[in-house]
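Participant: Before we start, here is the structure in question, set down as structure tokens.
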Amino acid sequence: VGLTQALALGRAGFHVVVVDPAPAQTTLAPEFDGRASALAHASCKLLEAIGVWPLLAPDAEAIREIRVSDGDAPLYLHFDHTDVGDEPLGHMVENRHLRHALYAAVADVSAITLAAPDRIDRVERSEDGVKATLASGSRIAARLLIGAEGRRSPSREDAGIRTYEWTYDQCGIVTTVEHERPHHGIAHERFLPAGPFAILPLRGNRSSIVWTERRRLVPTIMNLSEAAFDAELAKRFGRFLGAVRSTGPRWQYPLSLQISESFVDNRLALVGDAAHGIHPIAGQGVNLGLKDVAALTEVLVDAARIGQDIGTPPVLERYQRWRRVDTLTLSVVTDGLNRLFSNDIMPVRQARDIGLAAVNRMAPLKRFFINHARGTVGRLPRLLQGQLP
């Protein structure tokens with residue numbers, strides 16, 4: 001999200017310094033690490049507008065359909081991209097390819113300076129601007145600091161911005177699998193008693209797995225032998241794509257919900273997980289961060305065009321108003337869906353199955369949910385429409 005924000009602002013004519021503790025990856029893509037991201041249609045439009053998508057498209061897999069089911073129930077909800085147009089609902093990309101494409105694009109923009117690996121040792125924010133001293137000894141003067149450092153954001157903590165959060169009794173297990181039969185670009189979201197189990201299409205006969213499991217069981221699952229892990233995986237995956245086996249590392253992430261009390265402070269704006277972290281049930285985490293990027297870029301560009309100081313409260317408050325309601329709404333929806341589906345109470349399960357089947361038969365309501373999955377609902381910043389602001 002931070003690199004995307006830098007690119008969006010650099011393409012818009014701002015001078016940007018990216019301070020990243022990780023080494024720059026501008027030559028070869030790193031080794032496959034098993035992690036991937038689901039990019040909604042609108043997020044892909046943003047990446048196209050800032051020159052990243054042409055570098056990424058050869059390694060991206062289109063999501064053409066989504067099938068949502070409640071365990072092994074015969075009733076399910078089916079989203080098809082042809083119900084709303086010709087373009088896919090989104091794309092799956094391996095994180096290594098996304099990082100590589102972003103770094104390559106950053107290297108092509110002269111207005112962006114990359115300080116990596118480096119970190120901010122000290123920062124001073126005043127009415128006049130921001131001054132930062134880096135671990136390398138470099139000093140930076142700017143009008144605005146953008147915190148995109150993730151859930152434990154030092155910028156947010158330094159500003160004293162509190163967070164509202166709670167922890168789920170769940171962990172997410174992430175890995176990649178190979179299967180015998182092609183997936184045809186179909187993503188599956190299965191609701192199991194322990195939590196959602198997502199099968200997301202990658203290039204070739206491969207899929208990314210996001211397996212939500214009860215926290216107490218995760219250490220045991222993570223320590224299984226390869227054969228035992230694949231056996232447990234197959235119980236949840238099923239045989240519809242033939243034999244399946246895991247490839248690459250396994251990752252585990254404790255799941256929680258976290259919302260910052262404010263997305264802005266004096267000459268500070270928070271984007272991505274620094275501002276919010278939600279349950280992965282709808283696969284919208286990175287897309288929520290890219291919506292922040294698009295909105296903040298548009299607000300800053302519009303302010304600069306009329307001569308406003310981009311780091312002042314009136315400007316930053318416009319960004320916060322734009323993003324906070326959408327973020328809170330999605331947080332409540334994902335939390336509610338997780339609570340509704342992560343149980344095996346028979347009357348509740350029967351009601352869920354009837355509800356999924358009913359939505360599947362109501363074309364207008366189904367199109368509304370499809371457009372939500374594509375990221376095309378509500379007032380969209382220009383970048384999410386594929387246009388530079």
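A note on labels: chains of the structure tokens are A, B, ... as shown, every chain counts residues from 1, and ligands are counted from 1 in their shown order.
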Which residues are close to A:Arg35, i.e. within 10 Å by only C-alpha atoms, leaving aside same-chain residues fewer than 3 positions away? Reply as a ChimeraX atom specification.

Facilitator: /A:32,93-96,174-176,208-210,248-251

Participant: Could you make a table, as CSV, of the residues of stretch 274-324 of chain A that have an atom within 10 Å of an atom of stretch 372-377 of chain A, each with its nearest atom pair and distance in Å to one decimal, counting only C-alpha atoms, in chain and number order?

Facilitator:
```
residue,atom,partner,partner_atom,distance
A:Ala282,CA,A:Ala373,CA,8.2
A:Gly283,CA,A:Ala373,CA,9.0
A:Gln284,CA,A:Ala373,CA,8.3
A:Asn287,CA,A:Gly375,CA,7.8
A:Leu288,CA,A:Gly375,CA,9.0
A:Lys291,CA,A:Gly375,CA,8.8
```

Participant: Give me the residues near A:Asn266 as a PyMOL selection string, where near means some atom within 8 Å (using only C-alpha atoms) and where sequence neighbours in that chain fewer than 4 positions away do not count.

Facilitator: chain A and resi 125-127+311-313

Participant: Using only C-alpha atoms, which residues sit within 9 Å of A:Pro117 once same-chain residues fewer than 2 positions away are excluded, as JSON, numbers by chain?

Facilitator: {"A": [19, 20, 21, 22, 23, 24, 114, 115, 119]}

Participant: Can you pull out the residues contacting A:Phe237? Cut-off 10 Å, using only C-alpha atoms, and skip same-chain residues under 2 positions away; I want them as a list in words.

Facilitator: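 Skipping anything fewer than 2 positions along the chain leaves His188, Arg190, Phe197, Ala198, Ile199, Ile209, Trp211, Asp230, Ala231, Glu232, Leu233, Ala234, Lys235, Arg239, Phe240, Leu241, Gly242, Ala243 and Val244 of chain A.
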
Participant: Store the residues picked out above, limited to all heavy atoms, as a compact mmCIF listing (two decimals), in the first residue's frame.

Facilitator:
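So selection-v4.txt came out as:
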```txt
# COMPACT_ATOMS: atom_id res chain seq x y z
N HIS A 188 -13.61 -19.91 -4.61
CA HIS A 188 -14.58 -20.55 -3.72
C HIS A 188 -14.40 -20.01 -2.30
O HIS A 188 -13.28 -19.94 -1.80
CB HIS A 188 -14.39 -22.07 -3.70
CG HIS A 188 -14.63 -22.73 -5.03
ND1 HIS A 188 -15.83 -23.32 -5.36
CD2 HIS A 188 -13.82 -22.87 -6.11
CE1 HIS A 188 -15.74 -23.81 -6.60
NE2 HIS A 188 -14.54 -23.55 -7.06
N ARG A 190 -15.89 -21.09 1.27
CA ARG A 190 -16.70 -22.07 1.99
C ARG A 190 -16.72 -21.70 3.46
O ARG A 190 -15.67 -21.50 4.08
CB ARG A 190 -16.10 -23.47 1.83
CG ARG A 190 -16.21 -24.00 0.42
CD ARG A 190 -15.61 -25.38 0.32
NE ARG A 190 -15.80 -25.93 -1.00
CZ ARG A 190 -15.16 -27.00 -1.45
NH1 ARG A 190 -14.30 -27.63 -0.67
NH2 ARG A 190 -15.38 -27.44 -2.67
N PHE A 197 -13.11 -20.90 4.58
CA PHE A 197 -12.03 -21.59 3.89
C PHE A 197 -12.10 -21.14 2.43
O PHE A 197 -13.04 -21.45 1.71
CB PHE A 197 -12.23 -23.11 3.99
CG PHE A 197 -11.13 -23.93 3.39
CD1 PHE A 197 -10.02 -24.29 4.14
CD2 PHE A 197 -11.21 -24.36 2.07
CE1 PHE A 197 -9.01 -25.06 3.58
CE2 PHE A 197 -10.21 -25.13 1.50
CZ PHE A 197 -9.10 -25.48 2.26
N ALA A 198 -11.09 -20.35 2.00
CA ALA A 198 -11.11 -19.75 0.67
C ALA A 198 -10.14 -20.47 -0.26
O ALA A 198 -9.00 -20.76 0.12
CB ALA A 198 -10.76 -18.27 0.75
N ILE A 199 -10.60 -20.75 -1.48
CA ILE A 199 -9.80 -21.34 -2.54
C ILE A 199 -9.75 -20.32 -3.67
O ILE A 199 -10.77 -20.05 -4.31
CB ILE A 199 -10.40 -22.67 -3.02
CG1 ILE A 199 -10.59 -23.64 -1.85
CG2 ILE A 199 -9.56 -23.29 -4.12
CD1 ILE A 199 -11.42 -24.88 -2.21
N ILE A 209 -4.70 -20.74 -0.74
CA ILE A 209 -5.62 -21.17 0.31
C ILE A 209 -5.54 -20.21 1.49
O ILE A 209 -4.44 -19.89 1.97
CB ILE A 209 -5.28 -22.59 0.81
CG1 ILE A 209 -5.35 -23.59 -0.35
CG2 ILE A 209 -6.22 -23.01 1.94
CD1 ILE A 209 -6.70 -23.70 -1.00
N TRP A 211 -7.15 -20.47 5.04
CA TRP A 211 -7.84 -21.47 5.88
C TRP A 211 -7.96 -20.89 7.28
O TRP A 211 -6.98 -20.76 8.00
CB TRP A 211 -7.02 -22.74 5.84
CG TRP A 211 -7.35 -23.86 6.78
CD1 TRP A 211 -8.31 -23.91 7.74
CD2 TRP A 211 -6.65 -25.12 6.85
NE1 TRP A 211 -8.28 -25.10 8.40
CE2 TRP A 211 -7.27 -25.87 7.87
CE3 TRP A 211 -5.59 -25.67 6.14
CZ2 TRP A 211 -6.82 -27.15 8.21
CZ3 TRP A 211 -5.16 -26.93 6.47
CH2 TRP A 211 -5.77 -27.67 7.50
N ASP A 230 -1.46 -32.26 4.14
CA ASP A 230 -2.23 -32.39 2.89
C ASP A 230 -3.51 -33.19 3.11
O ASP A 230 -4.54 -32.91 2.48
CB ASP A 230 -1.38 -33.05 1.82
CG ASP A 230 -0.31 -32.11 1.25
OD1 ASP A 230 -0.35 -30.91 1.59
OD2 ASP A 230 0.55 -32.58 0.48
N ALA A 231 -3.46 -34.17 4.00
CA ALA A 231 -4.67 -34.96 4.29
C ALA A 231 -5.73 -34.10 4.96
O ALA A 231 -6.93 -34.18 4.63
CB ALA A 231 -4.30 -36.15 5.17
N GLU A 232 -5.33 -33.27 5.92
CA GLU A 232 -6.27 -32.35 6.58
C GLU A 232 -6.80 -31.32 5.60
O GLU A 232 -7.98 -30.97 5.60
CB GLU A 232 -5.58 -31.66 7.76
CG GLU A 232 -5.37 -32.53 8.98
CD GLU A 232 -6.68 -33.01 9.57
OE1 GLU A 232 -7.66 -32.23 9.61
OE2 GLU A 232 -6.75 -34.18 9.99
N LEU A 233 -5.92 -30.84 4.75
CA LEU A 233 -6.31 -29.86 3.73
C LEU A 233 -7.35 -30.45 2.78
O LEU A 233 -8.36 -29.81 2.46
CB LEU A 233 -5.06 -29.42 2.96
CG LEU A 233 -5.22 -28.35 1.90
CD1 LEU A 233 -5.55 -27.01 2.55
CD2 LEU A 233 -3.94 -28.24 1.09
N ALA A 234 -7.13 -31.69 2.37
CA ALA A 234 -8.03 -32.34 1.41
C ALA A 234 -9.43 -32.53 1.98
O ALA A 234 -10.42 -32.49 1.24
CB ALA A 234 -7.45 -33.68 0.98
N LYS A 235 -9.54 -32.73 3.31
CA LYS A 235 -10.85 -32.88 3.93
C LYS A 235 -11.70 -31.63 3.72
O LYS A 235 -12.92 -31.70 3.56
CB LYS A 235 -10.71 -33.15 5.42
CG LYS A 235 -10.11 -34.50 5.78
CD LYS A 235 -9.94 -34.61 7.30
CE LYS A 235 -9.25 -35.91 7.68
NZ LYS A 235 -9.03 -35.99 9.15
N ARG A 239 -12.65 -33.00 -3.54
CA ARG A 239 -12.02 -33.65 -4.70
C ARG A 239 -12.45 -33.04 -6.02
O ARG A 239 -12.18 -33.60 -7.09
CB ARG A 239 -12.39 -35.14 -4.69
CG ARG A 239 -11.95 -35.91 -3.45
CD ARG A 239 -10.47 -36.25 -3.50
NE ARG A 239 -10.14 -37.08 -4.65
CZ ARG A 239 -8.92 -37.51 -4.92
NH1 ARG A 239 -7.91 -37.16 -4.13
NH2 ARG A 239 -8.67 -38.26 -5.99
N PHE A 240 -13.11 -31.90 -6.01
CA PHE A 240 -13.68 -31.38 -7.25
C PHE A 240 -12.61 -30.94 -8.25
O PHE A 240 -12.89 -30.81 -9.45
CB PHE A 240 -14.65 -30.23 -6.95
CG PHE A 240 -14.00 -28.95 -6.50
CD1 PHE A 240 -13.87 -27.88 -7.36
CD2 PHE A 240 -13.50 -28.83 -5.20
CE1 PHE A 240 -13.28 -26.70 -6.95
CE2 PHE A 240 -12.92 -27.66 -4.78
CZ PHE A 240 -12.80 -26.59 -5.66
N LEU A 241 -11.37 -30.72 -7.79
CA LEU A 241 -10.27 -30.40 -8.69
C LEU A 241 -9.25 -31.53 -8.74
O LEU A 241 -8.10 -31.33 -9.12
CB LEU A 241 -9.59 -29.09 -8.28
CG LEU A 241 -10.43 -27.81 -8.43
CD1 LEU A 241 -9.65 -26.59 -7.99
CD2 LEU A 241 -10.92 -27.65 -9.88
N GLY A 242 -9.66 -32.73 -8.32
CA GLY A 242 -8.77 -33.87 -8.32
C GLY A 242 -7.87 -33.87 -7.09
O GLY A 242 -8.14 -33.19 -6.10
N ALA A 243 -6.79 -34.62 -7.17
CA ALA A 243 -5.84 -34.69 -6.05
C ALA A 243 -5.20 -33.32 -5.83
O ALA A 243 -4.94 -32.57 -6.78
CB ALA A 243 -4.77 -35.73 -6.35
N VAL A 244 -4.96 -33.00 -4.58
CA VAL A 244 -4.41 -31.68 -4.23
C VAL A 244 -3.26 -31.87 -3.26
O VAL A 244 -3.28 -32.75 -2.40
CB VAL A 244 -5.51 -30.79 -3.60
CG1 VAL A 244 -6.10 -31.42 -2.37
CG2 VAL A 244 -4.99 -29.40 -3.30
```

Participant: From the options A:Gln350, A:Phe341, A:Leu383, A:Ala12, which residue's atoms come nearest to A:Ala111, counting only C-alpha atoms?

Facilitator: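 Closest to A:Ala111 of all the choices is A:Ala12.
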
Participant: Of the candidates A:Pro182, A:Gly90, A:Gly10, A:Pro193, which one gets nearest to A:Ser110 if we count only C-alpha atoms?

Facilitator: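 Result for the nearest residue to A:Ser110: A:Gly10.
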